[in-house]
>>> print(open('target_20.txt').read())   # compact mmCIF, N, CA and C atoms
# COMPACT_ATOMS: atom_id res chain seq x y z
N MET A 8 33.05 90.25 -101.44
CA MET A 8 34.14 89.56 -100.77
C MET A 8 35.37 90.46 -100.80
N MET A 9 36.01 90.57 -99.66
CA MET A 9 37.18 91.43 -99.53
C MET A 9 38.45 90.59 -99.69
N LEU A 10 39.30 90.96 -100.63
CA LEU A 10 40.50 90.19 -100.90
C LEU A 10 41.71 90.67 -100.11
N THR A 11 41.66 91.89 -99.61
CA THR A 11 42.77 92.41 -98.82
C THR A 11 42.27 92.85 -97.45
N GLU A 12 43.19 92.99 -96.52
CA GLU A 12 42.83 93.42 -95.18
C GLU A 12 43.34 94.83 -94.98
N SER A 13 42.47 95.71 -94.52
CA SER A 13 42.85 97.10 -94.31
C SER A 13 42.67 97.45 -92.84
N HIS A 14 43.64 98.18 -92.28
CA HIS A 14 43.57 98.57 -90.89
C HIS A 14 43.23 100.06 -90.72
N ARG A 15 42.84 100.72 -91.78
CA ARG A 15 42.48 102.13 -91.65
C ARG A 15 41.04 102.23 -91.15
N ASP A 16 40.72 103.38 -90.58
CA ASP A 16 39.40 103.60 -90.01
C ASP A 16 38.38 103.82 -91.13
N PRO A 17 37.38 102.95 -91.28
CA PRO A 17 36.41 103.10 -92.37
C PRO A 17 35.46 104.29 -92.16
N PHE A 18 35.41 104.85 -90.95
CA PHE A 18 34.52 105.96 -90.66
C PHE A 18 35.27 107.28 -90.50
N ALA A 19 36.52 107.34 -90.92
CA ALA A 19 37.31 108.56 -90.77
C ALA A 19 36.68 109.73 -91.52
N HIS A 20 36.12 109.47 -92.69
CA HIS A 20 35.50 110.55 -93.48
C HIS A 20 34.27 111.13 -92.78
N ALA A 21 33.55 110.33 -92.00
CA ALA A 21 32.34 110.79 -91.34
C ALA A 21 32.64 111.77 -90.21
N PHE A 22 33.79 111.61 -89.56
CA PHE A 22 34.13 112.45 -88.43
C PHE A 22 35.18 113.50 -88.76
N ALA A 23 35.58 113.62 -90.01
CA ALA A 23 36.66 114.54 -90.39
C ALA A 23 36.27 115.99 -90.16
N ASN A 24 35.02 116.38 -90.36
CA ASN A 24 34.60 117.78 -90.27
C ASN A 24 34.08 118.18 -88.89
N LEU A 25 34.07 117.26 -87.92
CA LEU A 25 33.50 117.58 -86.61
C LEU A 25 34.44 118.38 -85.72
N GLY A 26 35.71 118.36 -85.97
CA GLY A 26 36.65 119.15 -85.18
C GLY A 26 37.21 118.37 -84.02
N ALA A 27 38.08 119.04 -83.27
CA ALA A 27 38.78 118.40 -82.17
C ALA A 27 37.98 118.41 -80.88
N ASP A 28 36.84 119.12 -80.82
CA ASP A 28 36.08 119.20 -79.58
C ASP A 28 35.26 117.94 -79.30
N LEU A 29 35.18 117.01 -80.24
CA LEU A 29 34.44 115.77 -80.07
C LEU A 29 35.34 114.74 -79.38
N ASP A 30 34.90 114.23 -78.25
CA ASP A 30 35.68 113.26 -77.48
C ASP A 30 35.15 111.85 -77.78
N LEU A 31 35.89 111.09 -78.59
CA LEU A 31 35.50 109.74 -78.97
C LEU A 31 36.46 108.73 -78.36
N GLU A 32 35.90 107.63 -77.93
CA GLU A 32 36.72 106.54 -77.43
C GLU A 32 36.78 105.47 -78.50
N MET A 33 37.97 105.17 -78.98
CA MET A 33 38.16 104.17 -80.04
C MET A 33 38.75 102.91 -79.41
N LYS A 34 37.93 101.91 -79.16
CA LYS A 34 38.40 100.69 -78.50
C LYS A 34 39.14 99.76 -79.44
N SER A 35 38.81 99.77 -80.70
CA SER A 35 39.44 98.85 -81.62
C SER A 35 40.39 99.54 -82.58
N ALA A 36 40.79 100.75 -82.27
CA ALA A 36 41.63 101.50 -83.19
C ALA A 36 43.02 100.90 -83.32
N ALA A 37 43.61 100.50 -82.23
CA ALA A 37 44.97 99.94 -82.28
C ALA A 37 44.92 98.48 -81.86
N ARG A 38 45.64 97.67 -82.57
CA ARG A 38 45.71 96.26 -82.20
C ARG A 38 46.70 96.11 -81.05
N GLN A 39 46.27 95.43 -80.02
CA GLN A 39 47.13 95.22 -78.86
C GLN A 39 48.03 94.02 -79.13
N PRO A 40 49.35 94.16 -78.91
CA PRO A 40 50.22 93.01 -79.08
C PRO A 40 49.94 91.98 -77.99
N LEU A 41 50.27 90.72 -78.28
CA LEU A 41 50.09 89.67 -77.28
C LEU A 41 51.00 89.95 -76.09
N ARG A 42 50.46 89.70 -74.92
CA ARG A 42 51.25 89.91 -73.72
C ARG A 42 52.41 88.92 -73.68
N ALA A 43 53.49 89.37 -73.10
CA ALA A 43 54.65 88.50 -72.96
C ALA A 43 54.25 87.31 -72.10
N GLY A 44 54.61 86.13 -72.53
CA GLY A 44 54.28 84.92 -71.78
C GLY A 44 52.90 84.37 -72.07
N PHE A 45 52.12 85.03 -72.92
CA PHE A 45 50.79 84.53 -73.24
C PHE A 45 50.91 83.24 -74.02
N ARG A 46 50.10 82.28 -73.67
CA ARG A 46 50.12 81.00 -74.34
C ARG A 46 48.67 80.54 -74.52
N PRO A 47 48.33 80.04 -75.70
CA PRO A 47 46.95 79.58 -75.89
C PRO A 47 46.62 78.42 -74.96
N ARG A 48 45.36 78.28 -74.64
CA ARG A 48 44.91 77.20 -73.74
C ARG A 48 45.17 75.84 -74.40
N ARG A 49 45.73 74.93 -73.62
CA ARG A 49 46.01 73.59 -74.12
C ARG A 49 44.75 72.73 -74.02
N THR A 50 44.45 72.02 -75.08
CA THR A 50 43.29 71.15 -75.10
C THR A 50 43.68 69.78 -74.58
N THR A 51 42.68 68.93 -74.38
CA THR A 51 42.95 67.56 -73.96
C THR A 51 43.76 66.84 -75.02
N ALA A 52 43.48 67.10 -76.29
CA ALA A 52 44.24 66.47 -77.38
C ALA A 52 45.71 66.88 -77.32
N ASP A 53 45.99 68.15 -77.03
CA ASP A 53 47.37 68.60 -76.87
C ASP A 53 48.06 67.86 -75.74
N ARG A 54 47.35 67.68 -74.64
CA ARG A 54 47.91 67.00 -73.48
C ARG A 54 48.17 65.52 -73.76
N VAL A 55 47.29 64.88 -74.53
CA VAL A 55 47.48 63.47 -74.90
C VAL A 55 48.74 63.34 -75.76
N ARG A 56 48.89 64.21 -76.76
CA ARG A 56 50.09 64.16 -77.61
C ARG A 56 51.36 64.39 -76.81
N THR A 57 51.32 65.35 -75.89
CA THR A 57 52.49 65.63 -75.06
C THR A 57 52.85 64.43 -74.20
N ALA A 58 51.85 63.79 -73.60
CA ALA A 58 52.10 62.62 -72.75
C ALA A 58 52.69 61.47 -73.55
N LEU A 59 52.20 61.27 -74.77
CA LEU A 59 52.75 60.20 -75.61
C LEU A 59 54.19 60.52 -76.02
N MET A 60 54.46 61.77 -76.34
CA MET A 60 55.81 62.15 -76.73
C MET A 60 56.79 62.01 -75.56
N GLN A 61 56.33 62.23 -74.33
CA GLN A 61 57.19 62.03 -73.17
C GLN A 61 57.55 60.56 -73.00
N LEU A 62 56.61 59.68 -73.32
CA LEU A 62 56.90 58.24 -73.25
C LEU A 62 57.97 57.82 -74.25
N THR A 63 58.05 58.52 -75.37
CA THR A 63 59.02 58.17 -76.41
C THR A 63 60.34 58.90 -76.24
N GLY A 64 60.41 59.80 -75.27
CA GLY A 64 61.61 60.60 -75.11
C GLY A 64 61.72 61.68 -76.17
N GLY A 65 60.60 62.04 -76.79
CA GLY A 65 60.58 63.10 -77.80
C GLY A 65 61.13 62.68 -79.14
N SER A 66 61.24 61.38 -79.39
CA SER A 66 61.87 60.92 -80.62
C SER A 66 60.91 60.72 -81.79
N GLY A 67 59.63 60.81 -81.56
CA GLY A 67 58.67 60.56 -82.63
C GLY A 67 58.07 61.82 -83.21
N THR A 68 57.28 61.61 -84.25
CA THR A 68 56.54 62.69 -84.90
C THR A 68 55.08 62.26 -85.01
N VAL A 69 54.16 63.15 -84.65
CA VAL A 69 52.74 62.84 -84.75
C VAL A 69 52.31 63.02 -86.20
N LEU A 70 51.84 61.94 -86.80
CA LEU A 70 51.35 62.00 -88.19
C LEU A 70 49.86 62.34 -88.24
N ALA A 71 49.10 61.80 -87.30
CA ALA A 71 47.66 62.04 -87.29
C ALA A 71 47.14 61.89 -85.87
N HIS A 72 46.08 62.62 -85.60
CA HIS A 72 45.41 62.51 -84.29
C HIS A 72 43.92 62.72 -84.53
N GLU A 73 43.15 61.71 -84.18
CA GLU A 73 41.70 61.78 -84.34
C GLU A 73 41.05 61.65 -82.98
N GLU A 74 40.15 62.56 -82.67
CA GLU A 74 39.46 62.58 -81.39
C GLU A 74 37.97 62.45 -81.63
N LYS A 75 37.34 61.50 -80.93
CA LYS A 75 35.89 61.31 -81.06
C LYS A 75 35.26 61.29 -79.67
N ALA A 76 34.19 62.02 -79.51
CA ALA A 76 33.45 62.01 -78.26
C ALA A 76 32.62 60.73 -78.18
N TRP A 77 32.45 60.22 -76.98
CA TRP A 77 31.61 59.04 -76.78
C TRP A 77 30.95 59.15 -75.41
N ALA A 78 29.89 58.39 -75.21
CA ALA A 78 29.20 58.38 -73.92
C ALA A 78 28.49 57.05 -73.74
N SER A 79 28.40 56.63 -72.49
CA SER A 79 27.60 55.46 -72.13
C SER A 79 26.55 55.94 -71.13
N ILE A 80 25.85 55.04 -70.50
CA ILE A 80 24.83 55.44 -69.54
C ILE A 80 25.46 56.13 -68.33
N THR A 81 26.63 55.66 -67.92
CA THR A 81 27.24 56.19 -66.70
C THR A 81 28.46 57.08 -66.93
N PHE A 82 29.10 57.00 -68.10
CA PHE A 82 30.34 57.74 -68.33
C PHE A 82 30.27 58.51 -69.65
N SER A 83 31.10 59.53 -69.73
CA SER A 83 31.32 60.22 -71.01
C SER A 83 32.79 60.54 -71.11
N GLY A 84 33.25 60.70 -72.32
CA GLY A 84 34.66 60.98 -72.52
C GLY A 84 35.00 61.09 -73.99
N THR A 85 36.27 60.83 -74.30
CA THR A 85 36.75 60.91 -75.68
C THR A 85 37.65 59.73 -75.99
N ARG A 86 37.69 59.39 -77.26
CA ARG A 86 38.56 58.33 -77.76
C ARG A 86 39.58 59.00 -78.67
N HIS A 87 40.87 58.80 -78.38
CA HIS A 87 41.94 59.43 -79.14
C HIS A 87 42.73 58.35 -79.88
N GLU A 88 42.84 58.52 -81.19
CA GLU A 88 43.67 57.62 -82.00
C GLU A 88 44.81 58.46 -82.56
N VAL A 89 46.03 58.12 -82.16
CA VAL A 89 47.21 58.89 -82.52
C VAL A 89 48.16 58.00 -83.31
N VAL A 90 48.60 58.49 -84.47
CA VAL A 90 49.57 57.78 -85.30
C VAL A 90 50.90 58.51 -85.17
N LEU A 91 51.93 57.77 -84.72
CA LEU A 91 53.26 58.34 -84.51
C LEU A 91 54.26 57.66 -85.44
N GLU A 92 55.20 58.44 -85.93
CA GLU A 92 56.24 57.92 -86.83
C GLU A 92 57.60 58.10 -86.16
N PHE A 93 58.44 57.08 -86.28
CA PHE A 93 59.79 57.11 -85.74
C PHE A 93 60.74 56.75 -86.88
N SER A 94 61.62 57.67 -87.24
CA SER A 94 62.55 57.47 -88.36
C SER A 94 63.98 57.45 -87.83
N GLY A 95 64.71 56.42 -88.18
CA GLY A 95 66.10 56.29 -87.73
C GLY A 95 66.19 55.32 -86.56
N THR A 96 67.38 54.78 -86.36
CA THR A 96 67.59 53.74 -85.35
C THR A 96 67.27 54.23 -83.94
N GLU A 97 67.73 55.42 -83.57
CA GLU A 97 67.49 55.94 -82.23
C GLU A 97 66.01 56.24 -82.00
N ALA A 98 65.37 56.80 -83.00
CA ALA A 98 63.95 57.13 -82.88
C ALA A 98 63.11 55.86 -82.78
N VAL A 99 63.47 54.83 -83.54
CA VAL A 99 62.75 53.55 -83.49
C VAL A 99 62.84 52.95 -82.09
N ALA A 100 63.99 53.12 -81.43
CA ALA A 100 64.13 52.63 -80.06
C ALA A 100 63.12 53.34 -79.14
N GLY A 101 62.89 54.64 -79.36
CA GLY A 101 61.88 55.37 -78.60
C GLY A 101 60.48 54.85 -78.89
N GLY A 102 60.22 54.48 -80.14
CA GLY A 102 58.92 53.91 -80.51
C GLY A 102 58.70 52.55 -79.87
N GLU A 103 59.74 51.75 -79.80
CA GLU A 103 59.62 50.45 -79.15
C GLU A 103 59.39 50.61 -77.65
N GLU A 104 59.98 51.66 -77.07
CA GLU A 104 59.75 51.98 -75.67
C GLU A 104 58.27 52.33 -75.44
N LEU A 105 57.69 53.08 -76.36
CA LEU A 105 56.27 53.42 -76.29
C LEU A 105 55.40 52.17 -76.33
N ILE A 106 55.70 51.28 -77.25
CA ILE A 106 54.92 50.04 -77.39
C ILE A 106 54.96 49.24 -76.09
N GLU A 107 56.13 49.18 -75.48
CA GLU A 107 56.30 48.40 -74.26
C GLU A 107 55.62 49.03 -73.05
N ARG A 108 55.71 50.35 -72.89
CA ARG A 108 55.25 51.02 -71.68
C ARG A 108 53.80 51.52 -71.72
N LEU A 109 53.23 51.71 -72.91
CA LEU A 109 51.91 52.34 -73.02
C LEU A 109 50.80 51.63 -72.24
N PRO A 110 50.63 50.32 -72.35
CA PRO A 110 49.49 49.69 -71.66
C PRO A 110 49.50 49.86 -70.14
N ASP A 111 50.67 49.95 -69.51
CA ASP A 111 50.75 50.03 -68.06
C ASP A 111 51.06 51.43 -67.54
N HIS A 112 51.18 52.41 -68.43
CA HIS A 112 51.58 53.76 -68.01
C HIS A 112 50.43 54.47 -67.28
N GLU A 113 50.77 55.15 -66.18
CA GLU A 113 49.80 55.95 -65.43
C GLU A 113 49.85 57.39 -65.94
N PHE A 114 48.85 57.79 -66.69
CA PHE A 114 48.79 59.14 -67.24
C PHE A 114 48.26 60.11 -66.19
N THR A 115 48.73 61.35 -66.25
CA THR A 115 48.21 62.41 -65.39
C THR A 115 47.71 63.54 -66.29
N LEU A 116 46.45 63.45 -66.67
CA LEU A 116 45.81 64.45 -67.51
C LEU A 116 44.74 65.15 -66.67
N PRO A 117 44.83 66.46 -66.50
CA PRO A 117 43.87 67.17 -65.66
C PRO A 117 42.42 66.97 -66.12
N GLY A 118 41.57 66.55 -65.19
CA GLY A 118 40.15 66.37 -65.48
C GLY A 118 39.82 65.13 -66.28
N GLN A 119 40.81 64.26 -66.51
CA GLN A 119 40.60 63.06 -67.33
C GLN A 119 41.19 61.83 -66.64
N LEU A 120 40.54 60.70 -66.83
CA LEU A 120 41.07 59.41 -66.41
C LEU A 120 41.29 58.58 -67.66
N VAL A 121 42.45 57.96 -67.78
CA VAL A 121 42.71 57.11 -68.94
C VAL A 121 42.23 55.71 -68.59
N ALA A 122 41.11 55.32 -69.19
CA ALA A 122 40.51 54.02 -68.92
C ALA A 122 41.23 52.90 -69.66
N ASP A 123 41.74 53.19 -70.85
CA ASP A 123 42.41 52.17 -71.64
C ASP A 123 43.40 52.83 -72.59
N ALA A 124 44.56 52.24 -72.70
CA ALA A 124 45.58 52.73 -73.63
C ALA A 124 46.21 51.51 -74.30
N THR A 125 46.03 51.41 -75.61
CA THR A 125 46.54 50.24 -76.33
C THR A 125 47.22 50.67 -77.63
N VAL A 126 48.07 49.78 -78.11
CA VAL A 126 48.68 49.94 -79.42
C VAL A 126 47.88 49.04 -80.35
N THR A 127 47.28 49.63 -81.38
CA THR A 127 46.42 48.85 -82.27
C THR A 127 47.10 48.46 -83.58
N ALA A 128 48.16 49.17 -83.96
CA ALA A 128 48.85 48.83 -85.21
C ALA A 128 50.31 49.25 -85.11
N VAL A 129 51.18 48.41 -85.71
CA VAL A 129 52.61 48.70 -85.77
C VAL A 129 53.09 48.34 -87.18
N ASP A 130 53.79 49.29 -87.81
CA ASP A 130 54.38 49.05 -89.13
C ASP A 130 55.88 49.35 -89.00
N HIS A 131 56.68 48.29 -89.00
CA HIS A 131 58.13 48.42 -88.82
C HIS A 131 58.82 48.08 -90.14
N ARG A 132 59.54 49.06 -90.68
CA ARG A 132 60.24 48.86 -91.95
C ARG A 132 61.73 48.99 -91.74
N PHE A 133 62.44 48.01 -92.24
CA PHE A 133 63.90 47.98 -92.12
C PHE A 133 64.51 48.44 -93.43
N GLY A 134 65.78 48.74 -93.41
CA GLY A 134 66.48 49.16 -94.62
C GLY A 134 67.48 50.25 -94.29
N ALA A 135 67.84 51.03 -95.31
CA ALA A 135 68.81 52.10 -95.12
C ALA A 135 68.31 53.11 -94.09
N MET A 136 67.00 53.39 -94.11
CA MET A 136 66.41 54.29 -93.12
C MET A 136 65.31 53.53 -92.40
N GLU A 137 65.64 53.01 -91.23
CA GLU A 137 64.67 52.25 -90.46
C GLU A 137 63.52 53.17 -90.04
N ARG A 138 62.31 52.64 -90.10
CA ARG A 138 61.12 53.44 -89.81
C ARG A 138 60.10 52.60 -89.05
N LEU A 139 59.46 53.21 -88.07
CA LEU A 139 58.44 52.55 -87.27
C LEU A 139 57.22 53.47 -87.19
N GLU A 140 56.07 52.92 -87.49
CA GLU A 140 54.82 53.68 -87.38
C GLU A 140 53.93 52.97 -86.38
N VAL A 141 53.49 53.70 -85.34
CA VAL A 141 52.70 53.13 -84.25
C VAL A 141 51.37 53.85 -84.17
N THR A 142 50.28 53.09 -84.07
CA THR A 142 48.96 53.66 -83.85
C THR A 142 48.53 53.32 -82.43
N ALA A 143 48.32 54.34 -81.63
CA ALA A 143 47.90 54.17 -80.23
C ALA A 143 46.49 54.71 -80.07
N VAL A 144 45.70 54.00 -79.27
CA VAL A 144 44.33 54.41 -78.99
C VAL A 144 44.17 54.56 -77.49
N LEU A 145 43.70 55.74 -77.07
CA LEU A 145 43.48 56.01 -75.65
C LEU A 145 42.01 56.35 -75.44
N LEU A 146 41.43 55.74 -74.44
CA LEU A 146 40.03 56.00 -74.08
C LEU A 146 40.04 56.79 -72.78
N LEU A 147 39.55 58.03 -72.84
CA LEU A 147 39.56 58.93 -71.69
C LEU A 147 38.15 59.11 -71.14
N LEU A 148 38.06 59.13 -69.81
CA LEU A 148 36.80 59.40 -69.13
C LEU A 148 36.90 60.75 -68.46
N GLU A 149 35.81 61.51 -68.50
CA GLU A 149 35.80 62.81 -67.83
C GLU A 149 35.74 62.56 -66.33
N ASP A 150 36.67 63.17 -65.59
CA ASP A 150 36.74 63.04 -64.15
C ASP A 150 36.00 64.20 -63.52
N VAL A 151 34.77 63.94 -63.07
CA VAL A 151 33.96 65.03 -62.50
C VAL A 151 33.89 64.99 -61.00
>>> encode(input="target_20.txt", output="structure tokens")
Amino acid sequence: MMLTESHRDPFAHAFANLGADLDLEMKSAARQPLRAGFRPRRTTADRVRTALMQLTGGSGTVLAHEEKAWASITFSGTRHEVVLEFSGTEAVAGGEELIERLPDHEFTLPGQLVADATVTAVDHRFGAMERLEVTAVLLLLEDV
């Protein structure tokens, strides 16, 4: 097991005595930096979280997100259970907006249809720091 990472050429000693007349192409010799503007591919789970955060006005925090594949005889898709936390009076207002708008909201997720979107649990705590925890479940169908 290797505990450190080394970027030196492990075969440098093998080619040291061959001289400069040997023309070798080293494809992995230098690490290429990421291209400017490169962004990793967004998954369906990323898109679901983004859509939910837009409904809240960006006031919540995602505590958990669980995605499970499912299929029936005619359809296949995924079930997403997302737990969001809203801390503070203004953020709680965004959470209440989510609770109100989620069941009727028209989602636009590429390649997916939202068959059902419900709020399954709400934990609202009052006090010096008001806090709201919302569990939303979305059932997505693959749009083929």
>>> atom_distance(input="target_20.txt", atom1="atom C of Trp77 (chain A)", atom2="CA of Gly118 (chain A)")
15.3 Å
>>> residues_around(input="target_20.txt", residues="Gly67 (chain A)", least_positions_apart="2", cutoff="5 Å", atoms="all atoms listed in the file", output="list in words")
Gly65, Val69, Glu92 and Phe93 of chain A
>>> residues_around(input="target_20.txt", residues="region 82-90 of chain A", least_positions_apart="4", cutoff="5 Å", atoms="only N, CA and C atoms", output="list in words")
Val69, Leu70, Ala71, His72, Glu73, Glu74, Lys75, Ala76, Trp77, Ala78, Val141, Thr142, Ala143, Val144, Leu145, Leu146, Leu147, Leu148 and Glu149 of chain A
>>> residues_around(input="target_20.txt", residues="Arg132 (chain A)", least_positions_apart="4", cutoff="12 Å", atoms="only C-alpha atoms", output="PDB file with N, CA and C atoms, in the frame of the given file")
ATOM      1  N   GLU A  92      55.200  58.440 -85.930  1.00  0.00           N
ATOM      2  CA  GLU A  92      56.240  57.920 -86.830  1.00  0.00           C
ATOM      3  C   GLU A  92      57.600  58.100 -86.160  1.00  0.00           C
ATOM      4  N   PHE A  93      58.440  57.080 -86.280  1.00  0.00           N
ATOM      5  CA  PHE A  93      59.790  57.110 -85.740  1.00  0.00           C
ATOM      6  C   PHE A  93      60.740  56.750 -86.880  1.00  0.00           C
ATOM      7  N   SER A  94      61.620  57.670 -87.240  1.00  0.00           N
ATOM      8  CA  SER A  94      62.550  57.470 -88.360  1.00  0.00           C
ATOM      9  C   SER A  94      63.980  57.450 -87.830  1.00  0.00           C
ATOM     10  N   GLY A  95      64.710  56.420 -88.180  1.00  0.00           N
ATOM     11  CA  GLY A  95      66.100  56.290 -87.730  1.00  0.00           C
ATOM     12  C   GLY A  95      66.190  55.320 -86.560  1.00  0.00           C
ATOM     13  N   THR A  96      67.380  54.780 -86.360  1.00  0.00           N
ATOM     14  CA  THR A  96      67.590  53.740 -85.350  1.00  0.00           C
ATOM     15  C   THR A  96      67.270  54.230 -83.940  1.00  0.00           C
ATOM     16  N   VAL A  99      63.470  54.830 -83.540  1.00  0.00           N
ATOM     17  CA  VAL A  99      62.750  53.550 -83.490  1.00  0.00           C
ATOM     18  C   VAL A  99      62.840  52.950 -82.090  1.00  0.00           C
ATOM     19  N   MET A 136      67.000  53.390 -94.110  1.00  0.00           N
ATOM     20  CA  MET A 136      66.410  54.290 -93.120  1.00  0.00           C
ATOM     21  C   MET A 136      65.310  53.530 -92.400  1.00  0.00           C
ATOM     22  N   GLU A 137      65.640  53.010 -91.230  1.00  0.00           N
ATOM     23  CA  GLU A 137      64.670  52.250 -90.460  1.00  0.00           C
ATOM     24  C   GLU A 137      63.520  53.170 -90.040  1.00  0.00           C
ATOM     25  N   ARG A 138      62.310  52.640 -90.100  1.00  0.00           N
ATOM     26  CA  ARG A 138      61.120  53.440 -89.810  1.00  0.00           C
ATOM     27  C   ARG A 138      60.100  52.600 -89.050  1.00  0.00           C
ATOM     28  N   LEU A 139      59.460  53.210 -88.070  1.00  0.00           N
ATOM     29  CA  LEU A 139      58.440  52.550 -87.270  1.00  0.00           C
ATOM     30  C   LEU A 139      57.220  53.470 -87.190  1.00  0.00           C
ATOM     31  N   GLU A 140      56.070  52.920 -87.490  1.00  0.00           N
ATOM     32  CA  GLU A 140      54.820  53.680 -87.380  1.00  0.00           C
ATOM     33  C   GLU A 140      53.930  52.970 -86.380  1.00  0.00           C
ATOM     34  N   VAL A 141      53.490  53.700 -85.340  1.00  0.00           N
ATOM     35  CA  VAL A 141      52.700  53.130 -84.250  1.00  0.00           C
ATOM     36  C   VAL A 141      51.370  53.850 -84.170  1.00  0.00           C
TER      37      VAL A 141
END
>>> atom_distance(input="target_20.txt", atom1="CA of Glu103 (chain A)", atom2="atom C of Arg48 (chain A)")
29.6 Å
>>> atom_distance(input="target_20.txt", atom1="CA of Thr115 (chain A)", atom2="atom C of Arg54 (chain A)")
8.9 Å
>>> closest_residue(input="target_20.txt", among="A:Gly102, A:Thr127, A:Arg46, A:Thr51", to="Ser66 (chain A)", atoms="all atoms listed in the file")
A:Gly102
>>> axis_aligned_box(input="target_20.txt", around="region 125-142 of chain A", padding_each_side="3 Å", output="AutoDock Vina command-line options")
--center_x 57.4 --center_y 51.1 --center_z -85.5 --size_x 28.8 --size_y 12.3 --size_z 25.7
